[in-house]
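S.K.: Following this line is work_29.txt, made up of compact mmCIF, C-alpha atoms:
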```txt
# COMPACT_ATOMS: atom_id res chain seq x y z
CA MET A 1 43.43 -17.00 -11.99
CA SER A 2 42.34 -19.35 -14.76
CA GLN A 3 42.47 -18.00 -18.31
CA ASP A 4 39.27 -19.87 -19.25
CA ILE A 5 36.78 -17.31 -20.56
CA ARG A 6 33.93 -18.89 -18.58
CA THR A 7 35.76 -18.26 -15.30
CA ARG A 8 37.08 -14.82 -16.27
CA LEU A 9 33.56 -13.58 -17.16
CA ILE A 10 32.45 -14.38 -13.61
CA HIS A 11 35.59 -13.53 -11.62
CA HIS A 12 36.49 -10.30 -13.41
CA ASP A 13 38.91 -7.93 -11.70
CA TYR A 14 37.34 -4.65 -12.91
CA VAL A 15 35.68 -2.56 -10.20
CA ALA A 16 33.92 0.67 -11.22
CA PRO A 17 35.24 3.82 -9.53
CA ALA A 18 33.19 4.97 -6.56
CA GLU A 19 32.87 8.67 -7.41
CA PHE A 20 29.51 8.69 -9.17
CA GLU A 21 26.40 10.62 -8.16
CA SER A 22 23.13 11.31 -9.95
CA PRO A 23 19.53 12.08 -8.97
CA VAL A 24 18.60 8.42 -9.23
CA VAL A 25 19.64 5.95 -6.53
CA PRO A 26 21.45 2.94 -8.07
CA VAL A 27 19.46 -0.29 -8.22
CA HIS A 28 21.28 -3.03 -6.34
CA LYS A 29 19.92 -6.52 -7.00
CA ALA A 30 21.19 -9.38 -4.87
CA SER A 31 20.30 -12.56 -3.14
CA THR A 32 23.92 -13.48 -2.35
CA VAL A 33 26.09 -10.81 -0.74
CA PHE A 34 29.88 -11.30 -0.69
CA PHE A 35 31.92 -11.09 2.52
CA PRO A 36 35.68 -10.34 2.52
CA ASP A 37 36.38 -13.05 5.10
CA VAL A 38 34.74 -15.48 7.53
CA ALA A 39 35.02 -13.01 10.39
CA ALA A 40 32.82 -10.57 8.48
CA LEU A 41 30.42 -13.40 7.65
CA ARG A 42 30.00 -14.11 11.37
CA SER A 43 29.92 -10.56 12.68
CA ARG A 44 27.96 -8.39 10.27
CA ARG A 45 24.55 -7.10 11.41
CA TRP A 46 21.76 -6.06 9.11
CA VAL A 47 19.17 -5.16 11.78
CA ASP A 48 20.87 -1.82 12.52
CA LYS A 49 21.83 -1.34 8.85
CA SER A 50 25.52 -1.39 9.68
CA GLY A 51 26.24 -4.03 7.05
CA TYR A 52 24.88 -6.24 4.27
CA THR A 53 24.34 -9.96 4.78
CA TYR A 54 21.73 -11.29 2.37
CA GLY A 55 19.36 -9.86 -0.21
CA LEU A 56 16.28 -10.29 1.98
CA HIS A 57 17.95 -8.25 4.70
CA GLY A 58 18.66 -5.23 2.54
CA THR A 59 20.81 -3.64 -0.13
CA PRO A 60 21.98 -0.05 -0.59
CA THR A 61 18.78 0.58 -2.56
CA THR A 62 16.37 -0.68 0.10
CA PHE A 63 18.38 0.82 2.97
CA THR A 64 18.17 4.20 1.20
CA LEU A 65 14.41 3.84 0.75
CA GLU A 66 13.98 2.87 4.41
CA ALA A 67 16.00 5.89 5.52
CA ARG A 68 13.93 8.29 3.42
CA LEU A 69 10.69 6.74 4.66
CA ALA A 70 11.89 7.09 8.25
CA THR A 71 12.24 10.82 7.57
CA LEU A 72 8.74 10.91 6.05
CA GLU A 73 7.22 9.02 8.99
CA HIS A 74 9.09 11.02 11.68
CA ALA A 75 10.59 7.69 12.81
CA ARG A 76 14.02 6.21 13.53
CA HIS A 77 13.55 2.75 11.99
CA VAL A 78 11.66 1.43 8.97
CA LEU A 79 11.15 -2.08 7.59
CA LEU A 80 9.84 -2.77 4.09
CA ALA A 81 7.19 -5.38 3.35
CA PRO A 82 5.62 -6.67 0.11
CA SER A 83 2.32 -4.82 0.80
CA GLY A 84 0.58 -2.70 3.40
CA LEU A 85 -1.39 -5.72 4.58
CA SER A 86 1.76 -7.81 4.99
CA ALA A 87 3.30 -4.97 7.06
CA LEU A 88 0.21 -4.99 9.26
CA ASN A 89 0.45 -8.73 9.76
CA VAL A 90 4.17 -8.63 10.60
CA VAL A 91 3.15 -6.41 13.52
CA ASN A 92 0.43 -8.86 14.60
CA GLN A 93 2.75 -11.85 14.45
CA ALA A 94 5.65 -10.10 16.15
CA LEU A 95 3.67 -8.80 19.10
CA LEU A 96 0.90 -11.34 19.78
CA SER A 97 0.90 -14.85 21.27
CA SER A 98 -1.77 -17.39 22.13
CA GLY A 99 -3.88 -16.05 24.98
CA ASP A 100 -3.32 -12.41 24.03
CA ALA A 101 -5.94 -10.04 22.66
CA LEU A 102 -5.83 -7.14 20.24
CA LEU A 103 -8.24 -4.23 19.87
CA LEU A 104 -9.54 -2.95 16.57
CA PRO A 105 -11.63 0.14 15.84
CA ASP A 106 -15.00 -0.88 14.43
CA ASN A 107 -14.25 1.15 11.29
CA VAL A 108 -11.00 -0.75 10.72
CA TYR A 109 -9.62 -1.71 7.31
CA PHE A 110 -11.67 -4.81 6.61
CA PRO A 111 -8.78 -7.23 5.77
CA SER A 112 -7.37 -6.46 9.24
CA ARG A 113 -10.64 -7.57 10.84
CA ASP A 114 -10.66 -10.67 8.62
CA MET A 115 -7.15 -11.58 9.77
CA ALA A 116 -8.29 -11.31 13.39
CA ARG A 117 -11.39 -13.41 12.77
CA HIS A 118 -9.55 -16.21 11.00
CA GLU A 119 -5.78 -16.71 11.34
CA LEU A 120 -5.35 -14.94 14.68
CA ALA A 121 -8.40 -16.68 16.15
CA ARG A 122 -7.01 -20.06 15.09
CA TRP A 123 -3.77 -19.21 16.89
CA GLY A 124 -5.65 -18.52 20.13
CA ILE A 125 -5.53 -14.73 19.85
CA ALA A 126 -8.77 -12.89 20.66
CA HIS A 127 -9.93 -9.59 19.24
CA ARG A 128 -12.36 -6.98 20.50
CA VAL A 129 -13.67 -3.83 18.82
CA TYR A 130 -14.22 -0.31 20.09
CA ASP A 131 -15.98 2.76 18.73
CA ALA A 132 -13.20 5.01 17.46
CA LEU A 133 -15.32 8.14 18.04
CA ASP A 134 -16.07 7.23 21.68
CA PRO A 135 -12.87 6.69 23.71
CA THR A 136 -14.92 5.48 26.69
CA THR A 137 -15.72 2.27 24.78
CA LEU A 138 -12.07 1.33 25.29
CA ASP A 139 -12.76 0.86 29.00
CA ALA A 140 -14.69 -2.37 28.54
CA ALA A 141 -12.27 -3.65 25.89
CA LEU A 142 -8.93 -2.95 27.57
CA GLY A 143 -7.53 -5.53 29.96
CA PRO A 144 -4.26 -7.21 30.95
CA ASP A 145 -4.56 -9.59 27.97
CA VAL A 146 -4.48 -6.73 25.45
CA LYS A 147 -1.01 -6.54 23.93
CA LEU A 148 -1.80 -4.56 20.78
CA VAL A 149 -4.24 -1.76 19.96
CA TRP A 150 -4.77 -0.71 16.36
CA LEU A 151 -5.75 2.86 15.54
CA GLU A 152 -6.95 4.27 12.23
CA ALA A 153 -7.17 7.94 11.34
CA PRO A 154 -9.54 8.27 9.63
CA GLY A 155 -11.63 5.10 9.60
CA SER A 156 -11.69 2.90 6.53
CA VAL A 157 -14.29 3.93 3.91
CA THR A 158 -16.42 6.03 6.30
CA LEU A 159 -13.54 8.37 7.13
CA GLU A 160 -14.53 9.27 10.70
CA PHE A 161 -11.58 11.06 12.32
CA PRO A 162 -11.02 9.98 15.95
CA ASP A 163 -9.68 11.93 18.88
CA LEU A 164 -6.26 10.28 18.66
CA ARG A 165 -4.94 12.07 21.72
CA ALA A 166 -7.83 10.82 23.89
CA LEU A 167 -7.53 7.27 22.55
CA VAL A 168 -3.77 7.15 23.17
CA ARG A 169 -4.08 8.64 26.67
CA ARG A 170 -6.77 6.13 27.63
CA CYS A 171 -4.74 3.18 26.37
CA ARG A 172 -1.60 4.36 28.20
CA GLU A 173 -3.52 4.74 31.46
CA ARG A 174 -5.50 1.49 31.35
CA ALA A 175 -3.24 -0.88 29.41
CA PRO A 176 0.38 0.29 29.68
CA GLN A 177 1.56 -3.11 28.44
CA ALA A 178 -0.14 -2.64 25.04
CA VAL A 179 1.71 -1.48 21.94
CA LEU A 180 -0.20 1.23 20.06
CA ALA A 181 -0.08 0.88 16.28
CA LEU A 182 -1.51 3.30 13.71
CA ASP A 183 -2.32 2.69 10.06
CA ASN A 184 -0.85 5.92 8.70
CA THR A 185 -1.60 5.31 5.01
CA TRP A 186 -4.17 8.14 4.77
CA GLY A 187 -1.89 10.65 6.50
CA ALA A 188 1.06 9.54 4.34
CA GLY A 189 3.50 11.14 6.77
CA LEU A 190 2.24 14.57 5.68
CA ALA A 191 -1.07 15.23 7.46
CA PHE A 192 0.24 14.89 11.04
CA ASN A 193 3.01 13.31 13.11
CA PRO A 194 1.61 10.24 14.94
CA PHE A 195 4.71 9.94 17.14
CA ALA A 196 4.17 13.44 18.57
CA LEU A 197 0.50 14.31 19.04
CA GLY A 198 1.03 17.74 20.54
CA GLU A 199 1.43 16.73 24.19
CA GLU A 200 4.71 15.81 25.87
CA GLY A 201 5.45 12.12 25.32
CA LEU A 202 2.08 11.44 23.69
CA GLY A 203 2.25 9.37 20.54
CA VAL A 204 1.87 5.91 19.05
CA ASP A 205 4.56 3.23 19.20
CA LEU A 206 4.60 2.29 15.54
CA THR A 207 2.93 2.98 12.22
CA ILE A 208 2.32 0.94 9.13
CA HIS A 209 1.99 2.56 5.73
CA ALA A 210 0.66 1.04 2.52
CA LEU A 211 3.28 2.51 0.21
CA THR A 212 1.13 1.15 -2.61
CA LYS A 213 -0.95 4.32 -2.24
CA TYR A 214 0.50 7.84 -2.19
CA PRO A 215 4.25 7.09 -1.98
CA SER A 216 4.00 4.97 -5.14
CA GLY A 217 1.51 7.29 -6.80
CA GLY A 218 1.27 5.26 -9.98
CA GLY A 219 -1.06 2.42 -9.10
CA ASP A 220 1.64 -0.02 -10.16
CA VAL A 221 3.70 -0.93 -7.07
CA LEU A 222 2.76 -3.08 -4.08
CA MET A 223 4.74 -2.33 -0.92
CA GLY A 224 4.31 -1.55 2.76
CA SER A 225 6.39 -0.23 5.63
CA ILE A 226 6.59 -0.45 9.42
CA ALA A 227 8.05 2.55 11.25
CA CYS A 228 8.96 3.07 14.90
CA LEU A 229 11.23 5.05 17.20
CA ASP A 230 12.20 2.46 19.82
CA ASP A 231 15.29 0.33 19.16
CA ALA A 232 14.06 -2.74 21.06
CA LEU A 233 10.67 -2.68 19.34
CA HIS A 234 12.40 -2.39 15.97
CA GLU A 235 14.56 -5.44 16.67
CA ARG A 236 11.52 -7.46 17.73
CA LEU A 237 9.72 -6.54 14.52
CA ALA A 238 12.83 -7.02 12.38
CA TRP A 239 13.47 -10.58 13.54
CA THR A 240 9.86 -11.61 12.88
CA HIS A 241 10.12 -9.91 9.49
CA SER A 242 13.30 -11.91 8.82
CA ARG A 243 11.85 -15.25 9.95
CA LEU A 244 8.86 -14.72 7.66
CA GLY A 245 11.25 -14.33 4.73
CA LEU A 246 9.79 -11.04 3.54
CA GLY A 247 11.52 -8.91 0.95
CA VAL A 248 10.79 -6.36 -1.77
CA GLY A 249 12.06 -6.22 -5.33
CA ALA A 250 14.86 -3.81 -6.19
CA ASN A 251 12.92 -2.34 -9.11
CA ASP A 252 9.92 -1.69 -6.88
CA ALA A 253 12.19 0.07 -4.40
CA GLU A 254 13.58 2.11 -7.29
CA ALA A 255 10.05 3.09 -8.34
CA LEU A 256 9.27 4.29 -4.81
CA LEU A 257 12.50 6.29 -4.63
CA ARG A 258 11.62 8.01 -7.92
CA SER A 259 8.09 8.83 -6.69
CA LEU A 260 8.92 10.16 -3.22
CA PRO A 261 10.18 13.61 -4.38
CA SER A 262 6.75 14.38 -5.87
CA LEU A 263 4.74 12.89 -2.98
CA ALA A 264 3.88 16.17 -1.27
CA LEU A 265 2.91 17.84 -4.55
CA ARG A 266 0.57 14.99 -5.51
CA TYR A 267 -0.87 14.56 -2.03
CA HIS A 268 -1.79 18.21 -1.61
CA ALA A 269 -3.17 18.48 -5.16
CA GLN A 270 -5.44 15.47 -4.56
CA ASP A 271 -6.39 16.86 -1.15
CA GLN A 272 -7.53 20.16 -2.67
CA ALA A 273 -9.42 18.39 -5.45
CA ALA A 274 -11.23 16.14 -2.95
CA ARG A 275 -12.23 19.13 -0.81
CA ARG A 276 -13.75 20.89 -3.81
CA ILE A 277 -15.71 17.80 -4.83
CA ALA A 278 -16.85 17.24 -1.23
CA GLU A 279 -18.20 20.78 -1.00
CA TRP A 280 -19.98 20.41 -4.35
CA ALA A 281 -21.49 17.04 -3.39
CA GLN A 282 -23.12 18.53 -0.29
CA GLY A 283 -25.56 20.35 -2.53
CA GLN A 284 -26.72 17.26 -4.44
CA SER A 285 -30.22 16.01 -3.60
CA ALA A 286 -29.31 12.34 -4.03
CA VAL A 287 -26.50 12.63 -1.45
CA ARG A 288 -27.62 12.24 2.16
CA ARG A 289 -24.21 12.96 3.66
CA VAL A 290 -20.64 13.65 2.54
CA LEU A 291 -17.93 12.03 4.64
CA HIS A 292 -14.64 13.92 4.51
CA PRO A 293 -12.58 14.87 7.59
CA ALA A 294 -11.95 18.45 6.46
CA LEU A 295 -15.65 19.09 5.89
CA PRO A 296 -17.50 20.72 8.82
CA GLY A 297 -20.19 18.32 10.00
CA SER A 298 -18.33 15.21 8.94
CA PRO A 299 -17.80 12.82 11.89
CA GLY A 300 -14.67 13.79 13.78
CA HIS A 301 -14.07 17.03 11.87
CA ALA A 302 -13.09 18.91 15.04
CA HIS A 303 -10.48 16.24 15.88
CA TRP A 304 -9.06 16.51 12.35
CA ALA A 305 -8.94 20.30 12.57
CA GLY A 306 -7.10 20.14 15.89
CA LEU A 307 -4.36 17.86 14.61
CA CYS A 308 -4.00 17.88 10.82
CA THR A 309 -2.83 20.20 8.09
CA ALA A 310 -4.07 18.11 5.15
CA ALA A 311 -6.77 15.59 4.33
CA ALA A 312 -5.69 13.31 1.46
CA GLY A 313 -7.81 12.70 -1.65
CA LEU A 314 -10.60 10.47 -0.33
CA LEU A 315 -14.26 11.19 0.29
CA THR A 316 -17.35 9.03 0.66
CA LEU A 317 -20.89 9.82 -0.43
CA GLU A 318 -23.76 8.33 1.53
CA ILE A 319 -26.51 8.05 -1.06
CA ASP A 320 -30.06 8.75 0.07
CA PRO A 321 -31.61 5.45 1.28
CA ARG A 322 -34.49 5.83 -1.17
CA HIS A 323 -32.06 4.66 -3.86
CA SER A 324 -31.48 0.91 -4.02
CA VAL A 325 -28.19 -0.96 -4.09
CA GLU A 326 -28.83 -1.81 -7.74
CA GLN A 327 -29.38 1.85 -8.62
CA VAL A 328 -26.17 2.92 -6.92
CA ASN A 329 -24.23 0.12 -8.59
CA ALA A 330 -25.57 1.34 -11.94
CA LEU A 331 -24.45 4.87 -11.06
CA VAL A 332 -20.91 3.64 -10.46
CA ASP A 333 -20.97 1.47 -13.60
CA GLY A 334 -21.92 4.49 -15.70
CA LEU A 335 -19.14 6.84 -14.59
CA GLN A 336 -16.66 7.74 -17.30
CA CYS A 337 -13.69 9.44 -15.58
CA PHE A 338 -13.93 7.34 -12.44
CA ARG A 339 -12.82 3.75 -12.86
CA ILE A 340 -13.86 0.86 -10.62
CA GLY A 341 -11.01 -0.64 -8.62
CA TRP A 342 -9.40 -1.10 -5.22
CA SER A 343 -6.66 1.08 -3.74
CA TRP A 344 -6.11 4.82 -4.07
CA GLY A 345 -3.41 7.46 -4.32
CA GLY A 346 -2.74 6.97 -8.04
CA PRO A 347 -3.39 9.27 -11.02
CA VAL A 348 -6.75 7.69 -11.93
CA SER A 349 -9.88 8.47 -9.90
CA LEU A 350 -11.73 5.44 -8.53
CA ALA A 351 -15.25 4.75 -7.26
CA VAL A 352 -16.40 1.73 -5.23
CA PRO A 353 -19.83 1.16 -3.59
CA TYR A 354 -20.12 -0.32 -0.08
CA GLN A 355 -22.85 -1.32 2.35
CA ALA A 356 -21.85 -0.26 5.84
CA ARG A 357 -23.80 -2.95 7.69
CA PHE A 358 -21.52 -5.63 6.21
CA MET A 359 -18.41 -3.78 7.42
CA ARG A 360 -19.17 -3.31 11.12
CA GLU A 361 -19.73 -5.28 14.31
CA LEU A 362 -21.27 -2.35 16.20
CA PRO A 363 -24.50 -0.61 15.08
CA THR A 364 -23.83 1.71 12.14
CA PRO A 365 -25.43 5.13 11.53
CA TYR A 366 -25.19 4.76 7.74
CA GLU A 367 -28.46 3.73 6.11
CA GLY A 368 -27.72 4.54 2.48
CA VAL A 369 -25.27 2.85 0.15
CA LEU A 370 -21.80 4.38 0.44
CA VAL A 371 -19.73 5.33 -2.59
CA ARG A 372 -16.07 5.90 -1.78
CA LEU A 373 -14.32 8.21 -4.23
CA CYS A 374 -10.54 8.24 -4.58
CA ILE A 375 -9.58 11.42 -6.39
CA GLY A 376 -6.77 11.19 -8.92
CA LEU A 377 -5.08 13.85 -11.02
CA GLU A 378 -7.75 14.52 -13.63
CA SER A 379 -9.44 17.90 -14.08
CA VAL A 380 -11.72 18.52 -11.09
CA ASP A 381 -14.29 20.08 -13.43
CA ASP A 382 -14.39 16.88 -15.49
CA LEU A 383 -14.81 14.76 -12.37
CA ILE A 384 -17.71 16.91 -11.15
CA VAL A 385 -19.43 16.71 -14.55
CA ASP A 386 -19.07 12.92 -14.45
CA LEU A 387 -20.48 12.68 -10.93
CA ALA A 388 -23.32 15.10 -11.71
CA ALA A 389 -24.39 12.96 -14.67
CA GLY A 390 -24.26 9.82 -12.54
CA LEU A 391 -26.32 11.32 -9.73
CA ALA A 392 -28.83 12.65 -12.25
CA ARG A 393 -29.35 9.12 -13.54
CA LEU A 394 -30.54 8.12 -10.07
CA GLY A 395 -33.60 10.32 -10.59
```
I need this file expressed as C-alpha cells, please.

M.R.:
Amino acid sequence: MSQDIRTRLIHHDYVAPAEFESPVVPVHKASTVFFPDVAALRSRRWVDKSGYTYGLHGTPTTFTLEARLATLEHARHVLLAPSGLSALNVVNQALLSSGDALLLPDNVYFPSRDMARHELARWGIAHRVYDALDPTTLDAALGPDVKLVWLEAPGSVTLEFPDLRALVRRCRERAPQAVLALDNTWGAGLAFNPFALGEEGLGVDLTIHALTKYPSGGGDVLMGSIACLDDALHERLAWTHSRLGLGVGANDAEALLRSLPSLALRYHAQDQAARRIAEWAQGQSAVRRVLHPALPGSPGHAHWAGLCTAAAGLLTLEIDPRHSVEQVNALVDGLQCFRIGWSWGGPVSLAVPYQARFMRELPTPYEGVLVRLCIGLESVDDLIVDLAAGLARLG
C-alpha cells in the first residue's frame, strides 16, 4: 500500500468492531457498495434483501425500516418510495399497460384521480369510478380490461367508510385478474389488517402508505411505502421501482425509525382527541353534518365498527349551506391553534376548506363547504375553544 497520505486516508485498514448495539439504528449512507470479488458483483440480489448492491437498492438502514414496516402492515415485503404519491404511482406503472383500465372510488385521493386523467390516459390506460358505499356499482365498471382496483378506507376528505369485505368479494368474483390495492395511510397499520378482513382468504393484494403522515409524526419527512404478501407481486413491483430510480435518503429513514416506536401512542391519542371534537361539533348550529367513521350516523359507520379498532385523527365538518364559501374561508383564516396546510398526522392541528362538487365525478350529497380538520397533539380544550370562536364568527 502506498504511504502517500492522500491514498491512506481513503484506503485505511481500520474496521470498527462489530459488537455494538444501541436503541438507534445506524445510518448507512451509500451510493457505491463494495463487493469482495467479481463473483459477488454478479450474483448478489437485492430484491429479496439477501445482499447489498447499490445505494438505491437498499442499505442496512433502509432494509431495517422496510422490515419494521412489513410488521406494521401485516405484510411480507415492503418497498420505500420518496412519497406516498410516488408509491401509488409505482403500483400504477408496474401493473398497468396500454389498453388496460383501473377503477377508482369516487372519493379517491384527488392526486390519484389526476394521475389517471392525465399521465395514465396519455399512455392509453382508461379509468372508471365507482361509488365506494355501493358495491353494486362495481358491476358496471368491472370487466376483463380491469387490471387494478384502488380502494380507500375511509374516502379522502369526506371519510365515508366502505364495506371493504363486500368490495373485495365482488372484485374477486367478477374480475379475478385484477390486483386489489388499498391506500392504508388512514389506518396506519393500526386500525385494521387489510390483508385479513375477517373471512378466510379475504384481503387486498397490496397496500400503499404515505409514511409522511403518522409514521413520521413530525410533519418534516416525505416518504411512502408499498407492502404486499406475494413474492411474485413484490418482484414485479420491485423491478419497476428499480427502473424508475427511486430511493429515499438515509437521514429520512433514520427519522422514520426513531418515530415508529411512538406511532401507536400518537395515533391513539389523536384518535381520541378527534372523537371528542367530533362529538362536540355535532351540537354546533353552523355544522350541518360531522363526518367521522367512529361517529354513529356518519356514512359507513357500521362498516367501520365491524372492522376497525381505531379511527385516526381526522374529521370533516360540513358547514350549513347558508354560509358562503367566503365566510367559511374567513372562518379557517381566523383560527389560532389550527394552521392551514396540507397533510396530517403531525403535532400541529390543520384545517383546510373544500368544495365537494369539484372533487367528484358522481353526484355528491354534500351541499355545504367542507372543512377537514387534522387533529394534532395540542390540548383538546384549546382546539374546541378555537373552533367555537370560529363558528361563532359565522353568525

S.K.: If we count only C-alpha atoms, what is near Leu377 of chain A at a cut-off of 12 Å, once residues fewer than 2 positions away on the same chain are taken out, given as a PyMOL selection string?

M.R.: chain A and resi 217-218+265-274+313+337-338+344-350+374-375+379-383

S.K.: Atom CA of Ala305 of chain A to atom CA of Trp186 of chain A: how many Å, to one decimal?

M.R.: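 One can read the atom CA of Ala305 of chain A to atom CA of Trp186 of chain A distance as 15.2 Å.
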
S.K.: Please report, as a tab-separated table, each residue of segment 14-125 of chain A lying at most 9 Å from segment 187-207 of chain A, together with the nearest pair of atoms and the separation in Å rounded to one decimal; use all atoms listed in the file, and order rows by chain and ascending residue number.

M.R.:
```
residue	atom	partner	partner_atom	distance
A:Leu69	CA	A:Gly189	CA	8.7
A:Thr71	CA	A:Gly189	CA	8.8
A:Leu72	CA	A:Gly189	CA	5.3
A:Glu73	CA	A:Gly189	CA	4.8
A:His74	CA	A:Asn193	CA	6.7
A:Ala75	CA	A:Phe195	CA	7.6
A:Leu88	CA	A:Thr207	CA	8.9
```

S.K.: Counting all atoms listed in the file, what is within 7 Å of segment 284-291 of chain A, bar same-chain residues fewer than 3 positions away, as number ranges by chain?

M.R.: A: 158-159, 278, 281, 298, 315-320, 391

S.K.: Which neighbours of Cys171 of chain A fall inside 9 Å, counting all atoms listed in the file, when residues of the same chain fewer than 2 positions from it are skipped, and could you give them as a PyMOL selection string?

M.R.: chain A and resi 138-139+142+149+166-169+173-176+178+180
